[in-house]
Each structure stands twice: as C-alpha cells, then as structure tokens.
>>> print(open('protein.txt').read())   # compact mmCIF, C-alpha atoms
# COMPACT_ATOMS: atom_id res chain seq x y z
CA MET A 14 103.40 67.26 106.13
CA ALA A 15 103.20 68.58 109.69
CA TRP A 16 105.63 70.97 111.37
CA GLN A 17 106.84 71.83 114.83
CA ARG A 18 106.41 75.37 116.11
CA LEU A 19 108.99 76.44 118.70
CA ALA A 20 108.32 79.62 120.72
CA ALA A 21 110.93 81.12 123.05
CA VAL A 22 111.09 84.40 124.98
CA VAL A 23 114.62 85.83 125.10
CA PRO A 24 116.32 89.19 125.72
CA GLY A 25 116.14 91.48 122.71
CA THR A 26 119.91 91.77 122.59
CA GLY A 27 120.23 88.06 121.78
CA ALA A 28 117.17 87.51 119.60
CA GLY A 29 118.90 88.16 116.29
CA ALA A 30 121.79 85.81 116.99
CA LEU A 31 119.41 83.11 118.19
CA ALA A 32 117.27 83.40 115.05
CA GLU A 33 120.38 83.02 112.89
CA ALA A 34 121.53 79.98 114.88
CA LEU A 35 118.11 78.33 114.59
CA GLU A 36 117.97 78.93 110.84
CA ALA A 37 121.49 77.54 110.43
CA ALA A 38 120.39 74.44 112.36
CA GLY A 39 117.44 73.77 110.07
CA ALA A 40 114.56 76.08 111.02
CA VAL A 41 112.46 76.77 107.94
CA SER A 42 111.59 80.28 109.15
CA THR A 43 111.78 82.50 112.23
CA GLU A 44 109.70 85.45 113.39
CA THR A 45 110.56 87.92 116.16
CA THR A 46 107.94 90.05 117.92
CA ASP A 47 107.51 92.00 121.15
CA ALA A 48 106.97 89.45 123.93
CA ASP A 49 105.07 92.11 125.91
CA ALA A 50 102.71 93.13 123.09
CA GLY A 51 99.26 93.88 124.42
CA THR A 52 100.47 94.59 127.95
CA ALA A 53 101.49 97.74 129.82
CA ALA A 54 105.13 96.84 129.09
CA GLU A 55 104.66 96.90 125.29
CA SER A 56 107.34 98.92 123.49
CA ALA A 57 106.74 100.86 120.26
CA ILE A 58 109.86 100.34 118.14
CA PHE A 59 110.10 102.07 114.75
CA ALA A 60 113.87 102.24 114.37
CA GLU A 61 115.38 102.36 110.92
CA PRO A 62 117.62 99.50 109.78
CA GLY A 63 121.23 99.46 110.92
CA ALA A 64 123.61 98.00 113.44
CA ASP A 65 122.25 100.26 116.18
CA ALA A 66 118.57 99.63 115.45
CA ALA A 67 116.46 99.35 118.59
CA VAL A 68 114.94 96.02 119.63
CA TRP A 69 112.29 95.10 122.15
CA PRO A 70 113.62 94.38 125.66
CA ARG A 71 111.89 90.97 125.61
CA CYS A 72 111.43 89.23 122.27
CA ARG A 73 109.22 86.29 121.38
CA LEU A 74 110.99 84.23 118.75
CA VAL A 75 108.92 81.65 116.88
CA ALA A 76 110.68 79.10 114.67
CA LEU A 77 109.12 76.59 112.28
CA LEU A 78 110.92 73.24 112.35
CA PRO A 79 110.53 70.00 110.39
CA GLU A 80 108.32 67.40 112.08
CA GLY A 81 111.18 64.98 112.73
CA ALA A 82 113.62 67.48 114.27
CA ASP A 83 114.62 67.23 117.94
CA ALA A 84 113.30 70.68 118.76
CA ARG A 85 114.58 70.89 122.34
CA ALA A 86 118.09 69.71 121.47
CA LEU A 87 118.16 72.08 118.53
CA LEU A 88 117.08 74.99 120.77
CA GLU A 89 119.68 74.19 123.45
CA ALA A 90 122.46 74.11 120.86
CA ALA A 91 121.26 77.37 119.27
CA LEU A 92 121.07 79.10 122.67
CA ALA A 93 124.64 78.07 123.43
CA GLU A 94 125.88 79.22 120.03
CA ALA A 95 124.09 82.59 120.37
CA GLY A 96 125.16 83.10 123.99
CA CYS A 97 121.51 83.63 124.87
CA ALA A 98 119.29 82.48 127.75
CA LEU A 99 115.55 81.85 127.95
CA LEU A 100 113.44 84.29 129.97
CA GLU A 101 110.52 81.85 130.05
CA PRO A 102 110.21 78.12 129.38
CA ALA A 103 110.05 77.38 125.66
CA ALA A 104 106.84 76.01 124.13
CA ILE A 105 106.71 73.44 121.33
CA ASP A 106 103.54 72.43 119.54
CA ARG A 107 102.52 70.66 116.36
CA LEU A 108 101.38 72.67 113.36
CA GLU A 109 99.38 70.72 110.80
CA ASP A 110 100.04 71.37 107.15
CA THR A 111 97.51 73.57 105.38
CA ASP A 112 96.95 75.48 102.18
CA TRP A 113 99.40 78.27 102.98
CA VAL A 114 98.63 80.16 99.79
CA ARG A 115 94.95 80.35 100.69
CA GLU A 116 95.75 81.27 104.30
CA THR A 117 98.06 84.05 103.14
CA GLN A 118 95.50 85.39 100.69
CA ARG A 119 92.89 85.59 103.45
CA GLN A 120 95.09 88.17 105.19
CA PHE A 121 94.91 90.59 102.24
CA GLU A 122 91.56 92.19 101.51
CA PRO A 123 90.91 95.17 99.20
CA ILE A 124 92.10 98.41 100.81
CA ARG A 125 90.55 101.81 100.37
CA ALA A 126 93.19 104.54 100.08
CA GLY A 127 91.34 107.83 99.62
CA ARG A 128 87.93 108.69 98.25
CA ARG A 129 88.30 106.95 94.87
CA LEU A 130 91.36 104.71 95.15
CA TRP A 131 91.19 101.01 95.98
CA ILE A 132 94.05 98.48 96.15
CA VAL A 133 92.67 95.12 95.04
CA PRO A 134 94.53 91.76 95.15
CA THR A 135 94.06 89.63 92.05
CA TRP A 136 92.02 87.01 93.91
CA HIS A 137 89.33 89.56 94.91
CA GLU A 138 86.61 91.35 93.01
CA ALA A 139 86.85 95.14 93.16
CA PRO A 140 84.42 96.42 95.84
CA ASP A 141 83.57 99.39 93.62
CA ALA A 142 83.90 98.75 89.90
CA GLY A 143 83.61 102.48 89.21
CA ALA A 144 86.50 103.44 91.50
CA VAL A 145 90.15 103.86 90.54
CA ASN A 146 91.20 100.28 91.21
CA ILE A 147 94.86 99.26 91.40
CA VAL A 148 95.44 95.52 90.98
CA LEU A 149 98.29 94.59 93.29
CA ASP A 150 99.34 91.46 95.13
CA PRO A 151 101.72 91.43 98.11
CA GLY A 152 105.27 90.62 97.06
CA ALA A 153 108.95 91.19 97.77
CA ALA A 154 108.80 94.95 97.26
CA PHE A 155 107.31 97.36 99.81
CA GLY A 156 104.01 99.00 98.96
CA THR A 157 100.71 97.11 99.11
CA GLY A 158 98.59 99.93 100.51
CA SER A 159 98.35 98.23 103.89
CA HIS A 160 100.85 100.57 105.60
CA PRO A 161 99.83 104.09 106.70
CA THR A 162 102.83 105.66 104.94
CA THR A 163 101.63 104.36 101.58
CA ARG A 164 98.00 105.32 102.16
CA LEU A 165 98.99 108.86 103.13
CA VAL A 166 100.78 109.45 99.81
CA LEU A 167 98.05 107.74 97.79
CA ALA A 168 95.48 110.11 99.31
CA TRP A 169 97.79 113.04 98.49
CA LEU A 170 98.12 111.91 94.87
CA GLU A 171 94.36 111.61 94.60
CA ARG A 172 94.08 115.27 95.60
CA GLU A 173 96.99 116.55 93.51
CA VAL A 174 96.77 114.72 90.18
CA ARG A 175 94.53 116.74 87.89
CA GLY A 176 95.73 115.36 84.57
CA ASP A 177 98.81 115.37 82.31
CA GLU A 178 101.42 115.71 85.10
CA ALA A 179 104.91 114.23 85.05
CA VAL A 180 105.38 112.27 88.29
CA LEU A 181 108.55 111.02 89.97
CA ASP A 182 108.22 108.14 92.45
CA TYR A 183 111.60 107.87 94.18
CA GLY A 184 112.13 104.67 96.19
CA CYS A 185 109.24 103.10 94.30
CA GLY A 186 109.12 99.63 95.85
CA SER A 187 106.17 97.86 94.21
CA GLY A 188 105.51 100.90 92.01
CA ILE A 189 102.14 101.50 93.64
CA LEU A 190 102.48 105.30 93.76
CA ALA A 191 103.58 105.65 90.14
CA ILE A 192 100.79 103.30 89.05
CA ALA A 193 98.22 105.25 91.06
CA ALA A 194 99.40 108.52 89.50
CA MET A 195 98.96 107.12 85.99
CA LYS A 196 95.52 105.71 86.75
CA LEU A 197 94.50 109.08 88.20
CA GLY A 198 95.44 110.80 84.95
CA ALA A 199 99.15 111.66 85.00
CA ALA A 200 100.84 111.78 81.59
CA ARG A 201 104.16 110.25 82.67
CA ALA A 202 105.43 108.41 85.73
CA VAL A 203 109.04 107.51 86.44
CA ALA A 204 109.71 105.00 89.24
CA VAL A 205 113.22 104.86 90.73
CA ASP A 206 114.70 102.36 93.18
CA ILE A 207 118.08 100.96 94.24
CA ASP A 208 116.70 97.40 94.41
CA PRO A 209 116.52 95.46 91.10
CA LEU A 210 113.72 93.29 92.53
CA ALA A 211 111.66 96.39 93.28
CA LEU A 212 112.12 97.62 89.72
CA GLU A 213 111.08 94.21 88.40
CA ALA A 214 108.00 94.29 90.64
CA ALA A 215 107.14 97.84 89.54
CA ARG A 216 107.33 96.87 85.86
CA TYR A 217 105.20 93.76 86.43
CA ASN A 218 102.59 95.65 88.45
CA ALA A 219 102.41 98.47 85.91
CA SER A 220 101.78 95.91 83.15
CA ALA A 221 99.09 94.22 85.25
CA ASN A 222 97.36 97.59 85.56
CA ALA A 223 97.76 98.43 81.86
CA VAL A 224 99.69 101.65 82.51
CA ALA A 225 103.12 102.77 81.31
CA VAL A 226 105.64 103.36 84.11
CA GLU A 227 109.33 103.94 83.44
CA ALA A 228 111.26 101.95 86.08
CA LEU A 229 114.86 103.12 86.49
CA ALA A 230 117.76 102.16 88.73
CA ALA A 231 118.87 104.91 91.10
CA ASP A 232 122.23 105.23 89.33
CA ALA A 233 120.68 105.53 85.85
CA PRO A 234 120.50 108.92 84.10
CA LEU A 235 117.24 110.68 84.98
CA ALA A 236 116.04 113.38 82.61
CA LEU A 237 112.93 114.60 84.38
CA GLU A 238 111.62 117.78 85.93
CA ALA A 239 108.54 116.50 87.72
CA ASP A 240 105.31 118.32 88.38
CA LEU A 241 104.73 115.96 91.29
CA THR A 242 107.43 114.14 93.27
CA VAL A 243 106.69 111.45 95.86
CA ALA A 244 109.07 109.50 98.08
CA ASN A 245 107.92 106.97 100.66
CA ILE A 246 111.15 105.79 102.25
CA LEU A 247 112.50 106.62 105.73
CA ALA A 248 113.58 109.83 107.45
CA ASN A 249 117.36 109.39 107.14
CA PRO A 250 117.50 108.67 103.39
CA LEU A 251 114.86 111.35 102.77
CA ARG A 252 117.12 113.96 104.39
CA MET A 253 120.06 112.92 102.23
CA LEU A 254 117.93 112.94 99.06
CA ALA A 255 116.70 116.52 99.50
CA PRO A 256 119.08 118.12 96.93
CA LEU A 257 118.46 115.35 94.40
CA LEU A 258 114.66 115.46 94.68
CA ALA A 259 114.76 119.25 94.48
CA SER A 260 116.78 119.05 91.26
CA HIS A 261 114.11 116.85 89.66
CA THR A 262 111.09 118.91 90.77
CA ARG A 263 110.18 121.94 88.68
CA PRO A 264 109.72 125.36 90.32
CA GLY A 265 106.12 125.45 91.45
CA GLY A 266 105.99 121.65 91.45
CA ARG A 267 104.63 119.74 94.41
CA ILE A 268 106.30 117.12 96.62
CA ALA A 269 105.08 114.60 99.20
CA LEU A 270 107.35 112.68 101.57
CA SER A 271 106.30 109.73 103.71
CA GLY A 272 107.93 107.05 105.84
CA VAL A 273 108.48 109.75 108.46
CA LEU A 274 107.48 109.40 112.12
CA ALA A 275 105.70 112.44 113.52
CA GLY A 276 108.66 113.06 115.84
CA GLN A 277 111.05 113.13 112.85
CA ALA A 278 109.03 115.62 110.81
CA GLY A 279 110.93 118.71 111.97
CA GLU A 280 114.36 117.44 110.91
CA VAL A 281 113.09 116.31 107.51
CA LEU A 282 111.31 119.63 106.91
CA ALA A 283 114.54 121.45 107.78
CA ALA A 284 116.46 119.43 105.17
CA TYR A 285 114.03 120.48 102.43
CA GLU A 286 113.56 124.10 103.53
CA PRO A 287 116.21 125.54 101.14
CA TRP A 288 114.14 124.37 98.15
CA PHE A 289 110.56 123.81 99.29
CA ALA A 290 107.87 125.54 101.31
CA MET A 291 106.65 122.51 103.25
CA ALA A 292 104.57 121.46 106.23
CA VAL A 293 102.99 118.35 107.71
CA GLU A 294 100.17 117.51 105.31
CA ALA A 295 98.48 114.65 107.18
CA THR A 296 99.12 112.01 109.83
CA GLU A 297 97.95 108.48 110.51
CA GLY A 298 98.90 106.90 113.79
CA ASP A 299 102.58 107.65 114.47
CA TRP A 300 103.30 108.47 110.81
CA ALA A 301 103.32 111.81 109.01
CA CYS A 302 103.13 112.85 105.36
CA LEU A 303 105.03 116.06 104.55
CA ALA A 304 104.07 118.08 101.49
CA GLY A 305 104.91 121.38 99.88
CA THR A 306 105.82 123.41 96.82
CA ARG A 307 109.14 123.87 95.06
CA ARG A 308 110.43 127.42 95.29
CA GLY A 309 112.12 129.20 92.38
CA ARG A 310 115.33 127.61 91.27
CA GLY A 311 118.12 127.94 93.82
>>> encode(input="protein.txt", output="structure tokens")
Amino acid sequence: MAWQRLAAVVPGTGAGALAEALEAAGAVSTETTDADAGTAAESAIFAEPGADAAVWPRCRLVALLPEGADARALLEAALAEAGCALLEPAAIDRLEDTDWVRETQRQFEPIRAGRRLWIVPTWHEAPDAGAVNIVLDPGAAFGTGSHPTTRLVLAWLEREVRGDEAVLDYGCGSGILAIAAMKLGAARAVAVDIDPLALEAARYNASANAVAVEALAADAPLALEADLTVANILANPLRMLAPLLASHTRPGGRIALSGVLAGQAGEVLAAYEPWFAMAVEATEGDWACLAGTRRGRG
C-alpha cells in the first residue's frame, strides 16, 4: 500500500490546531518541525510542556494520508477549520510502502554511555561483549540512551556505583537508569513514575536484562533511604520534587539531576540548596547534569 505525504509550512501559532484538524480528517500521522532548520533563522526551542510552551515561528507540518484521499481538499478544509494560512505552497508526493519496522530499527544503533556502559537494541550484537551492556529497545517510555540527559546520568552512575548501594530512580521512564545501576553492582534499585506505561516498560526492560528493579507508582508508599538518587525529568518538576527527593536520600548520599538546560541550572541548584551541596557536574550540548551530596538531616 502506498501513501501520500503532505508537507505544509504554516505559522507556529496555528500548527497544533492544523495537525489536529488533519488527524481528525483522516491523516494517519503528523509531524511538526522547524521550517527554518539548518538556516540562519533556525530557532532552538526546548520549552517544557504546557499551554504556554514555545513553538517555532515557522513550522513545517508533514502529514501521512491514505493513497486514495483528496489531499488538497483535505488540506483546504483543515486550514479553514484551524483558522490557519499557508506560508508557502504545500507539497504532496507519493510514499511507497516499505518495511517500516526495519526502517525504524536502522535508526537505532548501539550507544556508548560512559567508559563501560553500552545501550544495545535487541536486533544488534553488543559491540563489546565484555562491557556493561543494557538491552533496550525504543518504546513508549522516555530513556533509550540517545538523549544527552540520559547519557549524562548514566556516566554519573558509572562513576558513583561501587557496589551494594540502594538506588532511587525517580521519573524512571524506561527504567534505564535503575537497570544500569543494578548491572553496575547496586544492591537495590527502586524506579518510580507517574505513568503506568512507564512502570510497565521498566518492569519489562528489567526482566530482559535479568536484574531486579522495584517499579512503583509515584503515589505508592516508598520506604527507601537511597545511597544514590537520580532523576532525569525537567527543571520545573525537579524544583518541586526537591523536598521529596531529599527525604529519600540518606545523609551523605549522592544525587544527580538531569533534564535541565544549562540556563536553568541556577534555579534548580537553589531549590536543592537547603538539603544538598550541589554543583553542575557535567554538560552536553545545551543540557546540564547537576550532582551533589546530601547534608545532615534538616
């Protein structure tokens, strides 16, 4: 089966509404990117989710439509419904069917995340059989090792885990950090998330790696005073979680926070200052990993 690929450049303020209108009209999927990517007008947008999240001034919206759909009529109706106007003429081309599973797999190669850690999809051989290899496929939950925020914490864990620690992974996503801690020698790892699908993914991935990870919902009782605490989320929730994470980290215990842009580091460090002596541990691109030590109980 072939498909039609519709590409339209629209103002960022109307891109979301247009995507919704296209999907309601039968588009199989939509993707929105910066229309000026690769040019001097490219905009770096890292806003956190929410009604006031920033968007690119000019967005390229690509929709996948069934072969028999009237793509131009569908686009005109969606533009009217969204109250949106084209900034450039729309382009429509034919996309032949292919083995999408194989094409997707080709995008995910083994990833090195430190000196000894590798993240290896199930369809690949481990590049270094003697390394600490984490078997992990991309899925619904965040955390495949491909994002700098994840790699920064994995490298931190590789340095900090010496054996027999209790580790708390808060906002666990795929469970990759808790799994890495166990494979590096931790005695116990507890993975916490608000998303049931993330917890399901963490349990599955832990089983695939033959390690024991306790996956708990965020509202479940948590009896743990961790030697090592990690949280790879976003700056705003990290600030709000400071008292909670402090309460589950023992005095003298270590913490690493990621998902923080370098420009947000100061405000996150300030939120943790009452409990932790912390600083920027490492950076990759625009992202920073913050790490420190829990002070005496207070």
>>> residues_around(input="protein.txt", residues="stretch 126-140 of chain A", least_positions_apart="4", cutoff="6 Å", atoms="only C-alpha atoms", output="list in words")
Ala144, Val145, Asn146, Ile147, Val148, Leu149, Asp150, Arg164 and Ala168 of chain A
>>> closest_residue(input="protein.txt", among="A:Gly305, A:Leu235, A:Tyr217, A:Glu286", to="A:Gly266", atoms="all atoms listed in the file")
A:Gly305
>>> atom_distance(input="protein.txt", atom1="atom CA of A:Ser260", atom2="atom CA of A:His160")
28.3 Å
>>> residues_around(input="protein.txt", residues="stretch 98-103 of chain A", least_positions_apart="6", cutoff="12 Å", atoms="all atoms listed in the file", output="list in words")
Arg18, Leu19, Ala20, Ala21, Val22, Val23, Pro24, Gly25, Thr26, Gly27, Ala28, Ala30, Leu31, Ala48, Pro70, Arg71, Cys72, Arg73, Leu74, Val75, Ala76, Ala84, Arg85, Ala86, Leu88, Glu89, Ala90, Ala91 and Leu92 of chain A
>>> atom_distance(input="protein.txt", atom1="atom CA of A:Ser271", atom2="atom CA of A:Glu297")
10.8 Å
>>> atom_distance(input="protein.txt", atom1="atom CA of A:Leu303", atom2="atom CA of A:Gly184")
15.8 Å
>>> residues_around(input="protein.txt", residues="stretch 205-216 of chain A", least_positions_apart="3", cutoff="6 Å", atoms="all atoms listed in the file", output="count of residues only")
12
>>> closest_residue(input="protein.txt", among="A:Gly143, A:Glu173, A:Val203, A:Val281", to="A:Thr306", atoms="all atoms listed in the file")
A:Glu173
